[in-house]
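*Asks:* After the structure tokens below, expect a handful of questions from me.
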Amino acid sequence: MMKRQSTSISAMCCGAAIAFMACVGAAAAPGGGSVTFTKDILPILQENCMVCHRPGGANLGGMIAPMSFTTYAQTRPWAKAIARAVSTRRMPPWAASEIHAGVFMGERVLTEGEIASIVSWVEGGARRGNPSDAPPPLDFPDTGGWTIGEPDIVITMPEPFFVPDDLLDDTKYFPMVLSEELMPEDRWIKASEFRPGSVAVHHIILSPVGGIAPGNAPSVYRDGYSAKLRKGQKVIWNMHYHKESGPGTGVWDQSSVGVKFYPKGYTPEHVLTVVPLGPMDFAIPAGDPNYSAEAWHTFPKDALINSMMPHMHYRGKEVKYELFYPDGTQELMLSVPRYNFNWQTSYRFIEPKAVPAGTRLRLTGWWDNSADNPYNPDPSVTVTWGEATHEEMLFGWLSYTNVDEDATANSGIRRRRSESESESDE
Ligand code: HEC
């Protein structure tokens, strides 16, 4: 996404996230008071916020914005919270480092100038301005609630499942065979969008269609890339439920996923290999604020890396993917310094990243098991690998394609085990 760069003095003053408080009251920016909602702020909200902050806005794995910013009346009461949220880069949600600006699809980042405009607007009294300055309202097409557009098929869990009152955190598996009606022939997947069937859904993995975790956007394969869904394919709903437990907390769940295919007869150039890279033999000491573990993957052939999705639980705080090339050089491929459990993001390269055979990838994750971590359910225990949310995980999901492979020879998506990983398949 291309961004305007503002050159105002206030941009320099207030740009740094931490400088926000220092700038409050120091509205010395030229024309600081002339910043208005209609002229300056609405365009920023349209471009960066309204995808979620509008009626019927995006539902990213259960993360739904609780308020709309489509009009001045809706936005004005939130002005101060907005200034705070953008200054601390809590909003828009995007946990990757600024060094990756322009590298990943769907990036959600404000420029320093945009943050400065919002801050001086709030300092100047959050004024409406001249209605005729407002840009035309955005048109959000009605796609029946599907971000990916009307799906070709909807796969639904075979039966509704009652998530019992006493269930706090558990994983359930529901196998099913795709019916002939649903899948009369093999098809190549273009996009998928999960619809959790209840608030108790914490994450879903449905191989080979995909999965969803809190904050995760629907998946759309770039043109030419795909995974195959076969006629009569057996799939397993891997459902992780998480809720308060106690009388009356039980809910029915029957989650579903909408799938869009490439046109019939289409053959993709690239079939994706998905690697759930991650260590499982760690023990995070009680109270440790900075415990790390790592895992390695070696690319057997020249490869094009498509995407990465780090996954940790409440104690996760930072993740890195680093490349070690055969010629001895090194590169930081993805740094997520603000890992947040609620905003799990798939980082998809705009240009797939080419790596030569023999390149090694190191995944490192850091946890904060101290009492200072506001999400920490219990800093007094040693935490080991486990699927439940109060246990921990470090997965660096990785999807790539081998450059010289013929897609037609493959039966679909393949999952390869990482060197350090021995998880029993779901
Ligand atoms: C990808 C969806 C998404 C985008 C884009 C987004 N938000 Fe949010 N926003 C949310 C959700 C969901 C919440 C509620 C959960 C939370 O607070 O994390 C939220 C909460 C907030 C809050 C309340 C925070 C608080 O202090 O409680 C503010 C303010 C906010 N957003 C402002 C913005 C602004 C301004 C933008 C654009 C610059 C933006 N958001 C972009 C989804 C989004």
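All residue names refer to the structure tokens as shown: chains lettered A, B, ... in order, residues numbered from 1 in each chain, ligands numbered from 1 in order.
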As a quick test: using only C-alpha atoms and all ligand atoms, which residues lie no more than 10 Å away from ligand 1? Give them as an MDAnalysis selection string.

*Replies:* chainID A and resid 41 44:54 57:69 75 77:87 89:94 106:110 114:115 118 214:217 340 342:343 345

*Asks:* With a distance cut-off of 12 Å and only C-alpha atoms, select the neighbouring residues of range 294-301 of chain A, excluding the residue or stretch itself and same-chain residues fewer than 5 positions from it, and output the selection as a ChimeraX atom specification.

*Replies:* /A:273-282,318-326,354-367,393-405,416-421

*Asks:* Quick one: residues within 7 Å of Tyr72 in chain A, only C-alpha atoms counted, chain neighbours fewer than 3 positions away excluded, as a ChimeraX atom specification?

*Replies:* /A:37,75-76,128

*Asks:* Mind writing the picked residues with C-alpha atoms as a PDB file, in the first residue's frame?

*Replies:*
ATOM      1  CA  PHE A  37     -11.984  15.438  10.411  1.00  0.00           C
ATOM      2  CA  THR A  75     -15.674   8.881  15.633  1.00  0.00           C
ATOM      3  CA  ARG A  76     -15.641  11.981  17.840  1.00  0.00           C
ATOM      4  CA  ARG A 128     -15.331  18.375  12.183  1.00  0.00           C
TER       5      ARG A 128
END

*Asks:* Could you build a table of the residues in range 287-360 of chain A lying no more than 9 Å from range 218-236 of chain A, giving for each the nearest pair of atoms and their separation in Å rounded to one decimal place, using only C-alpha atoms, ordered by chain and ascending residue number, as CSV?

*Replies:*
residue,atom,partner,partner_atom,distance
A:Asn306,CA,A:Arg222,CA,8.7
A:Ser346,CA,A:Ser219,CA,8.5
A:Ile350,CA,A:Arg222,CA,8.9

*Asks:* For the selection just defined, write its residues with all heavy atoms to a file, as a tab-separated table (two decimals), in the first residue's frame.

*Replies:*
chain	number	residue	atom	x	y	z
A	306	ASN	N	6.43	-18.24	0.11
A	306	ASN	CA	5.16	-17.55	-0.09
A	306	ASN	C	4.73	-16.78	1.15
A	306	ASN	O	4.40	-15.61	1.08
A	306	ASN	CB	4.12	-18.62	-0.45
A	306	ASN	CG	2.73	-18.08	-0.60
A	306	ASN	OD1	2.48	-17.24	-1.45
A	306	ASN	ND2	1.80	-18.53	0.25
A	346	SER	N	-0.81	-13.80	8.99
A	346	SER	CA	-0.03	-14.50	7.99
A	346	SER	C	0.69	-13.43	7.16
A	346	SER	O	0.05	-12.58	6.56
A	346	SER	CB	-0.99	-15.33	7.12
A	346	SER	OG	-0.26	-16.10	6.22
A	350	ILE	N	4.81	-9.86	-1.03
A	350	ILE	CA	4.25	-9.31	-2.26
A	350	ILE	C	4.96	-9.98	-3.44
A	350	ILE	O	4.33	-10.45	-4.37
A	350	ILE	CB	4.42	-7.78	-2.30
A	350	ILE	CG1	3.56	-7.15	-1.19
A	350	ILE	CG2	4.05	-7.22	-3.66
A	350	ILE	CD1	3.79	-5.67	-0.98

*Asks:* From the list A:Gly125, A:Gly149, A:Pro377, A:Pro141, which residue is nearest Ser34 in chain A when using only C-alpha atoms?

*Replies:*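 Closest candidate: A:Gly125.
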
*Asks:* Which residue out of A:Asp152, A:Asp378, A:Glu391, A:Asp302 has the minimum interatomic distance to Pro263 in chain A when only C-alpha atoms are used?

*Replies:*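 Comparing A:Asp152, A:Asp378, A:Glu391, A:Asp302 against Pro263 in chain A, the winner is A:Asp152.
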
*Asks:* Can you list, as a PyMOL selection string, every residue of range 22-243 of chain A that DSSP puts in strand (DSSP E)?

*Replies:* chain A and resi 59-60+63-64+153-156+161-163+169-177+187-195+201-207+210-212+219-220+225-226+228-229+234-242

*Asks:* Which neighbours of Asp133 in chain A fall inside 8 Å, counting only C-alpha atoms, when residues of the same chain fewer than 3 positions from it are skipped, and could you give them as a list in words?

*Replies:*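 So the residues in contact are Thr38, Lys39, Gly129 and Asn130 of chain A.
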
*Asks:* The selected residues should be written to file as an mmCIF file, in the first residue's frame (atoms: C-alpha atoms).

*Replies:*
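Full text of again36.cif as output:
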data_model
loop_
_atom_site.group_PDB
_atom_site.id
_atom_site.type_symbol
_atom_site.label_atom_id
_atom_site.label_comp_id
_atom_site.auth_asym_id
_atom_site.auth_seq_id
_atom_site.Cartn_x
_atom_site.Cartn_y
_atom_site.Cartn_z
ATOM 1 C CA THR A 38 -13.442 15.894 6.961
ATOM 2 C CA LYS A 39 -10.280 17.129 5.264
ATOM 3 C CA GLY A 129 -14.368 20.912 9.545
ATOM 4 C CA ASN A 130 -16.171 21.721 6.353
#

*Asks:* Mind checking which residues fall within 6 Å of Arg348 in chain A, counting only C-alpha atoms, ignoring those fewer than 2 positions away in the same chain, and posting them as a PyMOL selection string?

*Replies:* chain A and resi 104-105+306-307

*Asks:* With a distance cut-off of 12 Å and only C-alpha atoms, select the neighbouring residues of Glu150 in chain A, excluding the residue or stretch itself and same-chain residues fewer than 3 positions from it, and output the selection as a PDB file with N, CA and C atoms, in the first residue's frame.

*Replies:*
ATOM      1  N   PRO A 141     -18.853  -3.358  -1.070  1.00  0.00           N
ATOM      2  CA  PRO A 141     -19.832  -4.204  -1.745  1.00  0.00           C
ATOM      3  C   PRO A 141     -20.388  -5.261  -0.798  1.00  0.00           C
ATOM      4  N   ASP A 142     -21.673  -5.568  -0.963  1.00  0.00           N
ATOM      5  CA  ASP A 142     -22.299  -6.587  -0.129  1.00  0.00           C
ATOM      6  C   ASP A 142     -22.002  -7.961  -0.716  1.00  0.00           C
ATOM      7  N   THR A 143     -21.181  -8.730  -0.020  1.00  0.00           N
ATOM      8  CA  THR A 143     -20.822 -10.065  -0.510  1.00  0.00           C
ATOM      9  C   THR A 143     -21.369 -11.112   0.444  1.00  0.00           C
ATOM     10  N   GLY A 144     -22.531 -10.792   1.038  1.00  0.00           N
ATOM     11  CA  GLY A 144     -23.144 -11.740   1.961  1.00  0.00           C
ATOM     12  C   GLY A 144     -22.262 -12.001   3.171  1.00  0.00           C
ATOM     13  N   GLY A 145     -21.409 -11.038   3.501  1.00  0.00           N
ATOM     14  CA  GLY A 145     -20.551 -11.199   4.663  1.00  0.00           C
ATOM     15  C   GLY A 145     -19.243 -11.903   4.359  1.00  0.00           C
ATOM     16  N   TRP A 146     -19.054 -12.386   3.126  1.00  0.00           N
ATOM     17  CA  TRP A 146     -17.809 -13.072   2.782  1.00  0.00           C
ATOM     18  C   TRP A 146     -16.810 -12.059   2.251  1.00  0.00           C
ATOM     19  N   THR A 147     -15.679 -11.941   2.906  1.00  0.00           N
ATOM     20  CA  THR A 147     -14.627 -11.032   2.435  1.00  0.00           C
ATOM     21  C   THR A 147     -14.066 -11.495   1.104  1.00  0.00           C
ATOM     22  N   ILE A 153     -17.983 -23.422  -2.662  1.00  0.00           N
ATOM     23  CA  ILE A 153     -18.592 -24.403  -1.752  1.00  0.00           C
ATOM     24  C   ILE A 153     -18.405 -23.939  -0.307  1.00  0.00           C
ATOM     25  N   VAL A 154     -19.288 -24.407   0.551  1.00  0.00           N
ATOM     26  CA  VAL A 154     -19.135 -24.172   1.980  1.00  0.00           C
ATOM     27  C   VAL A 154     -19.041 -25.547   2.646  1.00  0.00           C
ATOM     28  N   ALA A 191      -9.090 -19.432  -2.602  1.00  0.00           N
ATOM     29  CA  ALA A 191      -9.248 -18.652  -1.363  1.00  0.00           C
ATOM     30  C   ALA A 191     -10.129 -19.414  -0.393  1.00  0.00           C
ATOM     31  N   SER A 192      -9.963 -19.112   0.885  1.00  0.00           N
ATOM     32  CA  SER A 192     -10.832 -19.729   1.886  1.00  0.00           C
ATOM     33  C   SER A 192     -11.091 -18.745   3.017  1.00  0.00           C
ATOM     34  N   GLU A 193     -12.277 -18.867   3.584  1.00  0.00           N
ATOM     35  CA  GLU A 193     -12.649 -17.984   4.688  1.00  0.00           C
ATOM     36  C   GLU A 193     -13.424 -18.797   5.723  1.00  0.00           C
ATOM     37  N   VAL A 257     -16.423 -23.351   6.561  1.00  0.00           N
ATOM     38  CA  VAL A 257     -15.437 -22.600   5.776  1.00  0.00           C
ATOM     39  C   VAL A 257     -15.948 -22.481   4.340  1.00  0.00           C
ATOM     40  N   GLY A 258     -15.858 -21.277   3.808  1.00  0.00           N
ATOM     41  CA  GLY A 258     -16.203 -21.046   2.401  1.00  0.00           C
ATOM     42  C   GLY A 258     -14.939 -21.167   1.571  1.00  0.00           C
ATOM     43  N   VAL A 259     -15.050 -21.879   0.449  1.00  0.00           N
ATOM     44  CA  VAL A 259     -13.873 -22.088  -0.398  1.00  0.00           C
ATOM     45  C   VAL A 259     -14.164 -21.608  -1.813  1.00  0.00           C
ATOM     46  N   LYS A 260     -13.232 -20.843  -2.360  1.00  0.00           N
ATOM     47  CA  LYS A 260     -13.319 -20.452  -3.770  1.00  0.00           C
ATOM     48  C   LYS A 260     -12.231 -21.180  -4.538  1.00  0.00           C
ATOM     49  N   PHE A 261     -12.584 -21.640  -5.744  1.00  0.00           N
ATOM     50  CA  PHE A 261     -11.613 -22.383  -6.549  1.00  0.00           C
ATOM     51  C   PHE A 261     -11.151 -21.556  -7.745  1.00  0.00           C
TER      52      PHE A 261
END

*Asks:* Run DSSP on the backbone and tell me which residues of range 73-154 of chain A come out as alpha helix (DSSP H); list them as number ranges by chain.

*Replies:* A: 73-75, 79-87, 112-123

*Asks:* Write the selection just made, keeping N, CA, C and O atoms, as an mmCIF file, in the first residue's frame?

*Replies:*
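Contents of result_25.cif, freshly written:
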data_model
loop_
_atom_site.group_PDB
_atom_site.id
_atom_site.type_symbol
_atom_site.label_atom_id
_atom_site.label_comp_id
_atom_site.auth_asym_id
_atom_site.auth_seq_id
_atom_site.Cartn_x
_atom_site.Cartn_y
_atom_site.Cartn_z
ATOM 1 N N ALA A 73 -19.801 11.798 13.836
ATOM 2 C CA ALA A 73 -20.534 11.562 15.086
ATOM 3 C C ALA A 73 -20.071 10.277 15.767
ATOM 4 O O ALA A 73 -19.959 10.215 16.989
ATOM 5 N N GLN A 74 -19.780 9.250 14.958
ATOM 6 C CA GLN A 74 -19.326 7.975 15.543
ATOM 7 C C GLN A 74 -17.890 8.074 16.045
ATOM 8 O O GLN A 74 -17.514 7.422 17.022
ATOM 9 N N THR A 75 -17.107 8.862 15.364
ATOM 10 C CA THR A 75 -15.674 8.881 15.633
ATOM 11 C C THR A 75 -15.300 9.799 16.795
ATOM 12 O O THR A 75 -14.410 9.488 17.590
ATOM 13 N N ALA A 79 -12.015 10.023 19.926
ATOM 14 C CA ALA A 79 -10.837 10.760 19.444
ATOM 15 C C ALA A 79 -9.590 10.495 20.284
ATOM 16 O O ALA A 79 -8.526 10.170 19.755
ATOM 17 N N LYS A 80 -9.715 10.622 21.591
ATOM 18 C CA LYS A 80 -8.532 10.454 22.449
ATOM 19 C C LYS A 80 -8.007 9.027 22.381
ATOM 20 O O LYS A 80 -6.799 8.795 22.314
ATOM 21 N N ALA A 81 -8.932 8.066 22.431
ATOM 22 C CA ALA A 81 -8.516 6.659 22.356
ATOM 23 C C ALA A 81 -7.832 6.389 21.020
ATOM 24 O O ALA A 81 -6.861 5.624 20.951
ATOM 25 N N ILE A 82 -8.308 7.045 19.965
ATOM 26 C CA ILE A 82 -7.708 6.844 18.642
ATOM 27 C C ILE A 82 -6.273 7.371 18.636
ATOM 28 O O ILE A 82 -5.350 6.702 18.176
ATOM 29 N N ALA A 83 -6.089 8.576 19.184
ATOM 30 C CA ALA A 83 -4.732 9.152 19.225
ATOM 31 C C ALA A 83 -3.787 8.232 19.991
ATOM 32 O O ALA A 83 -2.655 7.984 19.578
ATOM 33 N N ARG A 84 -4.278 7.696 21.100
ATOM 34 C CA ARG A 84 -3.452 6.804 21.912
ATOM 35 C C ARG A 84 -3.143 5.515 21.145
ATOM 36 O O ARG A 84 -2.007 5.060 21.084
ATOM 37 N N ALA A 85 -4.193 4.943 20.533
ATOM 38 C CA ALA A 85 -4.021 3.650 19.855
ATOM 39 C C ALA A 85 -3.052 3.758 18.674
ATOM 40 O O ALA A 85 -2.244 2.859 18.448
ATOM 41 N N VAL A 86 -3.122 4.876 17.935
ATOM 42 C CA VAL A 86 -2.218 4.967 16.780
ATOM 43 C C VAL A 86 -0.806 5.366 17.203
ATOM 44 O O VAL A 86 0.171 4.950 16.591
ATOM 45 N N SER A 87 -0.676 6.171 18.271
ATOM 46 C CA SER A 87 0.653 6.589 18.719
ATOM 47 C C SER A 87 1.453 5.418 19.258
ATOM 48 O O SER A 87 2.671 5.358 19.100
ATOM 49 N N GLU A 112 4.396 8.005 9.842
ATOM 50 C CA GLU A 112 4.614 8.949 10.945
ATOM 51 C C GLU A 112 3.736 10.181 10.727
ATOM 52 O O GLU A 112 3.180 10.744 11.678
ATOM 53 N N GLY A 113 3.627 10.607 9.478
ATOM 54 C CA GLY A 113 2.839 11.800 9.161
ATOM 55 C C GLY A 113 1.363 11.611 9.477
ATOM 56 O O GLY A 113 0.696 12.522 9.979
ATOM 57 N N GLU A 114 0.840 10.434 9.164
ATOM 58 C CA GLU A 114 -0.571 10.161 9.450
ATOM 59 C C GLU A 114 -0.825 10.151 10.962
ATOM 60 O O GLU A 114 -1.835 10.668 11.435
ATOM 61 N N ILE A 115 0.108 9.545 11.698
ATOM 62 C CA ILE A 115 -0.039 9.518 13.157
ATOM 63 C C ILE A 115 -0.018 10.949 13.695
ATOM 64 O O ILE A 115 -0.854 11.340 14.522
ATOM 65 N N ALA A 116 0.903 11.766 13.167
ATOM 66 C CA ALA A 116 1.016 13.158 13.618
ATOM 67 C C ALA A 116 -0.264 13.943 13.315
ATOM 68 O O ALA A 116 -0.716 14.754 14.133
ATOM 69 N N SER A 117 -0.857 13.707 12.147
ATOM 70 C CA SER A 117 -2.097 14.411 11.803
ATOM 71 C C SER A 117 -3.201 14.068 12.795
ATOM 72 O O SER A 117 -3.937 14.945 13.255
ATOM 73 N N ILE A 118 -3.303 12.775 13.118
ATOM 74 C CA ILE A 118 -4.353 12.350 14.053
ATOM 75 C C ILE A 118 -4.124 12.985 15.420
ATOM 76 O O ILE A 118 -5.048 13.515 16.044
ATOM 77 N N VAL A 119 -2.875 12.984 15.870
ATOM 78 C CA VAL A 119 -2.566 13.551 17.186
ATOM 79 C C VAL A 119 -2.874 15.047 17.204
ATOM 80 O O VAL A 119 -3.515 15.552 18.131
ATOM 81 N N SER A 120 -2.484 15.782 16.141
ATOM 82 C CA SER A 120 -2.750 17.229 16.208
ATOM 83 C C SER A 120 -4.231 17.530 16.022
ATOM 84 O O SER A 120 -4.741 18.510 16.561
ATOM 85 N N TRP A 121 -4.941 16.648 15.321
ATOM 86 C CA TRP A 121 -6.394 16.817 15.223
ATOM 87 C C TRP A 121 -7.022 16.723 16.613
ATOM 88 O O TRP A 121 -7.835 17.567 17.003
ATOM 89 N N VAL A 122 -6.595 15.749 17.380
ATOM 90 C CA VAL A 122 -7.162 15.562 18.720
ATOM 91 C C VAL A 122 -6.761 16.724 19.635
ATOM 92 O O VAL A 122 -7.596 17.277 20.360
ATOM 93 N N GLU A 123 -5.517 17.119 19.550
ATOM 94 C CA GLU A 123 -5.061 18.251 20.378
ATOM 95 C C GLU A 123 -5.801 19.529 20.027
ATOM 96 O O GLU A 123 -6.064 20.362 20.896
#

*Asks:* As an exercise, work out the distance from CA of Pro55 in chain A to CA of Thr36 in chain A in Å and give it to one decimal place.

*Replies:*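 Separation between CA of Pro55 in chain A and CA of Thr36 in chain A: 23.2 Å.
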
*Asks:* Counting only C-alpha atoms, figure out which residue out of A:Gly316, A:Lys190, A:His311, A:Leu272 gets nearest to His203 in chain A.

*Replies:*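 Going through A:Gly316, A:Lys190, A:His311, A:Leu272 one by one, the smallest distance to His203 in chain A is for A:His311.
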